[in-house]
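Each remark here refers to the structure printed beneath this line.
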Amino acid sequence: MKYKSQAVAKPYFIAAIGLFLGQISFGLIMGLQYVVGDFLFPAIPFNVARMVHTNLLIVWLLFGFMGAAYYLIPEESERELHSPKLALAMFWIFLVAGAATILGYLLVPYATLAELTGNNLLATMGREFLEQPLPTKVGIVIVALAMLYNLSMTVLKGRKTAINLVMLLGLWGLAIFFLFSFYNPANLVKDKFYWWWVVHLWVEGVWELIMGSMLAFVLVKVTGVDREVIEKWLYVIIAMALISGLIGMGHHYFWIGAPEYWQWWGSVFSALEPIPFFMMTVFAFNMVSRRRREHPNKAAVLWALGTGVMAFLGAGVWGFLHTLAPVNFYTHGSQITAAHGHMAFYGAYAMVVLTMISYTMPLMRGREANSPAAQLAEMWGFWLMTISMVLITLFLTAAGILQVWLQRMGASPMSFMAAQDQISLFYWMREITGLFFFLGLLLYIGSFFIKGKPATAKDPATARGLASATA
Amino acid sequence: MSSAFTKSAARNIFYGGAVFFFLLLVALTFDTMNTLPKRDNRANLTESAARGKHIWETRNCVGCHSLLGEGAYFAPELGNVYVRRGPEFIKTWLKIQPTGAPGRRQMPQFNLTEQQLDDLVSFFKYTSGINTAKWPPNIEG
Ligand code: HEM
Ligand code: HEM
Ligand SMILES: [Fe+2]
């Protein structure tokens with residue numbers, strides 16, 4: 001850590017990990033409700049658990065992005081953060097607002113919560129991922145603006161690199177596209193059309209800038225490869241992301257009432273969307289194999305490589321699987337969607353945040369890398385979570401294929417609930433695998449508490465692991 | 001990547017591409033908004049249907065169900081429920097929840113008034129008339 005103020009990232013990362021744990025707990029509740037329908041009913045109905053699961057996901061990723069930005073931007077700009085106090089204040093505001101929102105979901109009937117929080121003044125609630133009460137949405141905007149002010153001032157006065165400019169641009173885009181969450185017309189087609197300007201233009205647009213920048217930052221640090229090379233890759237990746245992803249949004253406009261030419265625009269451009277994700281994989285492996293130094297933090301290198309692979313699998317391969325209109329006609333809104341949503345969110349955004357945490361946390365705790373024992377536990381966490389997520393995705397994909405077959409094809413299709421009964425075996429397997437994911441997460445968290453002498457680049461065990469990963 | 005292809009060339013492709021394709025998106029959006037009156041069933045978007053949408057949102061129905069294929073996948077698609085089940089069934093269904101059948105997925109009791117139930121039905125009537133390019137593949141959603 002070069003600048004004192006970078007340390008504000010630490011509380012952000014700790015909160016992110018804590019909320020991640022909460023997210024997975026509620027995932028397990030829902031996974032059980034899929035097969036034991038009345039589990040925890042009426043205390044926690046499925047829709048409440050789902051809001052908690054997905055909102056915690058978004059909030060912890062935002063904590064992760066913000067923490068990453070507060071760490072990376074001063075270092076890239078070669079100066080202290082404009083105002084560490086402001087960053088810390090925003091941390092607490094965001095944490096309290098987030099916790100209050102989750103408690104609101106759990107403790108107050110949703111309709112009452114809507115009434116109490118001014119949803120009748122401006123109705124924005126009750127849409128997937130955007131369930132937050134109005135004050136929370138406004139809070140998100142305020143926190144984002146304060147952060148953007150803080151970071152922009154830092155960059156303006158400091159060195160400008162591709163990495164910090166792209167990060168900043170991504171975060172500005174995140175804040176700007178979030179504003180569409182305040183637009184909720186009674187016309188359902190318009191509502192849905194602009195809802196995607198938040199959701200799609202986040203995950204298949206500006207978030208890719210944020211992700212690319214974080215990945216590039218870590219790769220510069222752990223490989224020592226020339227910045228010019230890494231930054232060139234970064235620009236090409238994000239160029240492809242926006243060239244494919246902006247019009248690629250059409251893959252959500254096939255069946256919601258928009259004109260049918262979107263079937264062409266959406267299919268063609270979204271079919272190109274795997275390219276930037278594939279490039280991220282090649283980028284990560286390429287840079288690590290051309291490395292000019294052996295970084296003692298092998299766990300961080302593993303996370304960086306893993307992000308490349310899993311983002312490509314989840315977003316690229318599983319996205320492509322159902323993105324062409326004639327396929328999507330059958331798979332739209334099925335378990336295939338859920339399978340893709342899981343691996344993409346985990347492989348791209350959860351993992352890139354964990355990569356950044358893995359690289360920066362030891363530095364913020366006063367060492368270049370954790371002890372070999374701590375790294376080993378962290379890497380076990382990596383493998384348990386990642387392999388579990390691959391299996392969860394495969395089980396949901398199997399469930400989805402059967403669901404489509406039983407419910408949407410053939411001359412005498414089954415009703416939704418009848419088809420669900422037929423595929424419950426796969427839901428059981430998903431739930432059991434979810435427990436292993438949970439175990440992996442616990443191990444990962446546990447690794448922060450393992451002490452010992454910091455690893456050095458020459459530790460044979462870790463050096464060998466890396467060599468085989470890039471052989 | 002070869003060294004003849006410079007970082008500033010890559011940067012220019014990024015900025016140029018982003019601006020060009022964003023403008024294309026805006027143009028297509030503009031055209032979409034002009035085409036929507038022919039497709040979005042606004043004739044049936046009555047006051048009552050708009051109130052129904054508000055009920056749909058404030059009960060977070062989308063947390064279990066999908067609507068035109070978007071939302072959750074825990075409970076049946078409802079964009080076409082007006083056609084699949086009809087208005088009376090929908091109202092009765094909402095009134096008799098939860099079923100309490102052991103081990104079955106449960107739907108909460110929302111205690112809606114007769115007026116609110118009618119509004120919801122108007123909303124589903126409206127959604128079922130949106131031109132969705134023949135989706136879903138069959139009535140089961
Ligand atoms: C990291 C990037 C990505 C993330 C986090 C992500 C996440 C998601 C999520 C959560 C959904 C479900 C949305 C809903 O609830 O309605 C979804 C839908 C979809 N995604 Fe992605 N996605 C990513 C990238 C991609 C890519 C690159 C493609 C195409 C190649 C793609 C194709 C699709 C399609 C076609 C749907 C609609 C599924 C349906 O019709 O039900 N996604 N995505
Ligand atoms: C490991 C245990 C997990 C379990 C058992 C689980 C279970 C579930 C369930 C049951 C749903 C609701 C599906 C529906 O609407 O019917 C869901 C939604 C979702 N979960 Fe998870 N989840 C887990 C982990 C994760 C992780 C690690 C992530 C991402 C990092 C994640 C991201 C999501 C997303 C984005 C959705 C919305 C998907 C969509 O709309 O298509 N979940 N999860
Ligand atoms: Fe998308």
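Note on naming: chains are A, B, ... as they come in the structure tokens, residues start from 1 per chain, ligands start from 1 in the order shown.
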
Give as a compact mmCIF listing (two decimals) with C-alpha atoms, in the first residue's frame every residue of chain A that touches chain B within 6 Å, counting only C-alpha atoms.
```txt
# COMPACT_ATOMS: atom_id res chain seq x y z
CA VAL A 36 -39.88 -28.35 0.58
CA GLY A 37 -42.37 -25.69 -0.45
CA ASP A 38 -43.64 -24.73 3.00
CA ASN A 47 -40.29 -13.74 -2.60
CA ALA A 111 -46.95 -3.53 0.89
CA GLY A 126 -41.67 -4.32 -6.73
CA GLU A 128 -36.94 -7.53 -9.93
CA ALA A 186 -47.83 2.07 -15.99
CA LYS A 232 -3.84 -1.90 -24.55
CA TYR A 235 -9.01 -0.88 -24.07
CA VAL A 236 -9.60 -3.61 -26.62
CA ALA A 239 -14.25 -1.66 -26.68
CA LEU A 242 -19.62 -1.94 -25.48
CA ILE A 243 -19.66 -2.57 -29.22
CA ILE A 247 -27.13 -3.31 -29.03
CA TRP A 255 -40.90 -11.21 -26.23
CA ILE A 256 -41.89 -8.18 -24.16
CA GLY A 257 -43.86 -6.28 -26.79
CA HIS A 332 -36.90 -17.53 -21.78
CA GLY A 333 -37.62 -17.32 -18.06
CA ARG A 408 -43.02 -25.90 -23.54
CA SER A 415 -48.54 -27.31 -16.37
CA PHE A 416 -45.75 -25.36 -14.66
```

(request) Would you mind writing down, as a PyMOL selection string, each residue of chain B that DSSP on the backbone assigns to strand (DSSP E or B)? (result) chain B and resi 66-67+70-71

(request) Could you check how far atom CA of A:Lys160 sits from atom CA of A:Met361, in Å to one decimal? (result) 24.4 Å

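Contact shell of B:Lys91 at 10 Å (only C-alpha atoms; same-chain neighbours under 3 positions omitted): Gly86, Pro87, Glu88, Leu94, Lys95, Ile96, Leu112, Glu114, Gln116, Leu117, Asp118, Leu120 and Val121 of chain B.
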
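Among the candidate residues A:Ile275, A:Ala419, A:Leu425, A:Val203, the one lying nearest to ligand 1 is A:Val203, with distances computed using only C-alpha atoms and all ligand atoms.
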
(request) Just give me the gap between atom CA of A:Lys190 and atom 14 (C, counted along the ligand's line) of ligand 1 in Å, one decimal is fine. (result) 16.2 Å

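Around A:Leu442, within 12 Å and counting only C-alpha atoms, the residues found are Ile17, Gly18, Phe20, Leu21, Gly22, Ile24, Ser25, Ala377, Glu378, Trp380, Gly381, Phe382, Leu384, Met385, Leu435, Phe436, Phe437, Phe438, Leu439, Gly440, Tyr444, Ile445, Gly446, Ser447, Phe448 and Phe449 of chain A, once anything fewer than 2 positions away on its own chain is removed.
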
(request) Produce as a list in words the set of residues near ligand 2, where near means within 6 Å with only C-alpha atoms and all ligand atoms considered. (result) Ile24, Gly27, Leu28, Met30, Gly31, Arg50, Thr54, Thr337, Ala338, Gly341, His342, Phe345, Tyr346, Ala350, Glu431, Gly434 and Phe437 of chain A; Ala72, Tyr73 and Phe74 of chain B

(message) Just want the 8 Å neighbourhood of stretch 67-72 of chain A, counted on only C-alpha atoms, with same-chain residues fewer than 6 positions away dropped. Output as a PyMOL selection string.
(response) chain A and resi 6-13+81+87+151+164+167+214+217+353+356-357+360

(request) Using only C-alpha atoms and all ligand atoms, find each protein or nucleic acid residue lying at most 8 Å from ligand 3; present the set as a list in words. (result) Trp196, Val199, His200, Leu201, Val203, Glu204, Gly245, Gly248, Met249, Gly250, His251, His252 and Ser270 of chain A

Filtering to C-alpha atoms, could you give me those residues as a short mmCIF file (atom, residue, chain, number, x, y, z; two decimals), in the first residue's frame?
```
data_model
loop_
_atom_site.label_atom_id
_atom_site.label_comp_id
_atom_site.auth_asym_id
_atom_site.auth_seq_id
_atom_site.Cartn_x
_atom_site.Cartn_y
_atom_site.Cartn_z
CA TRP A 196 -33.04 -3.34 -18.76
CA VAL A 199 -29.82 -4.35 -15.43
CA HIS A 200 -28.36 -5.19 -18.83
CA LEU A 201 -26.38 -2.00 -19.29
CA VAL A 203 -23.79 -6.31 -16.20
CA GLU A 204 -23.12 -6.38 -19.93
CA GLY A 245 -23.24 -5.18 -25.40
CA GLY A 248 -26.87 -6.78 -27.51
CA MET A 249 -29.49 -5.51 -25.05
CA GLY A 250 -31.91 -6.53 -27.80
CA HIS A 251 -31.74 -10.11 -26.47
CA HIS A 252 -34.15 -8.94 -23.78
CA SER A 270 -25.36 -10.46 -28.24
#
```

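Residues with any atom within 6 Å of A:Pro296, counting only C-alpha atoms and excluding same-chain neighbours fewer than 3 positions away, are Ala369, Ala455, Thr456 and Ala457 of chain A.
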
How would the residues just chosen look if you wrote them out with all heavy atoms as a compact mmCIF listing (two decimals), in the first residue's frame?
```txt
# COMPACT_ATOMS: atom_id res chain seq x y z
N ALA A 369 1.98 -10.59 1.35
CA ALA A 369 1.13 -11.75 1.12
C ALA A 369 0.86 -12.43 2.45
O ALA A 369 1.62 -12.28 3.40
CB ALA A 369 1.80 -12.72 0.16
N ALA A 455 4.19 -15.27 3.32
CA ALA A 455 4.85 -16.04 2.27
C ALA A 455 5.83 -15.15 1.51
O ALA A 455 5.66 -13.94 1.43
CB ALA A 455 3.82 -16.59 1.31
N THR A 456 6.87 -15.77 0.97
CA THR A 456 7.77 -15.04 0.07
C THR A 456 7.69 -15.70 -1.30
O THR A 456 7.17 -16.80 -1.43
CB THR A 456 9.22 -15.12 0.57
OG1 THR A 456 9.57 -16.50 0.65
CG2 THR A 456 9.37 -14.49 1.93
N ALA A 457 8.23 -14.99 -2.29
CA ALA A 457 8.12 -15.48 -3.66
C ALA A 457 8.76 -16.84 -3.83
O ALA A 457 8.42 -17.59 -4.73
CB ALA A 457 8.76 -14.48 -4.62
```

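Counting from atom CA of A:Gly452, the distance to atom CA of A:Ser371 is 5.2 Å.
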
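Among the candidate residues A:Trp265, A:Phe395, A:Phe329, A:Phe285, the one lying nearest to ligand 1 is A:Phe329, with distances computed using only C-alpha atoms and all ligand atoms.
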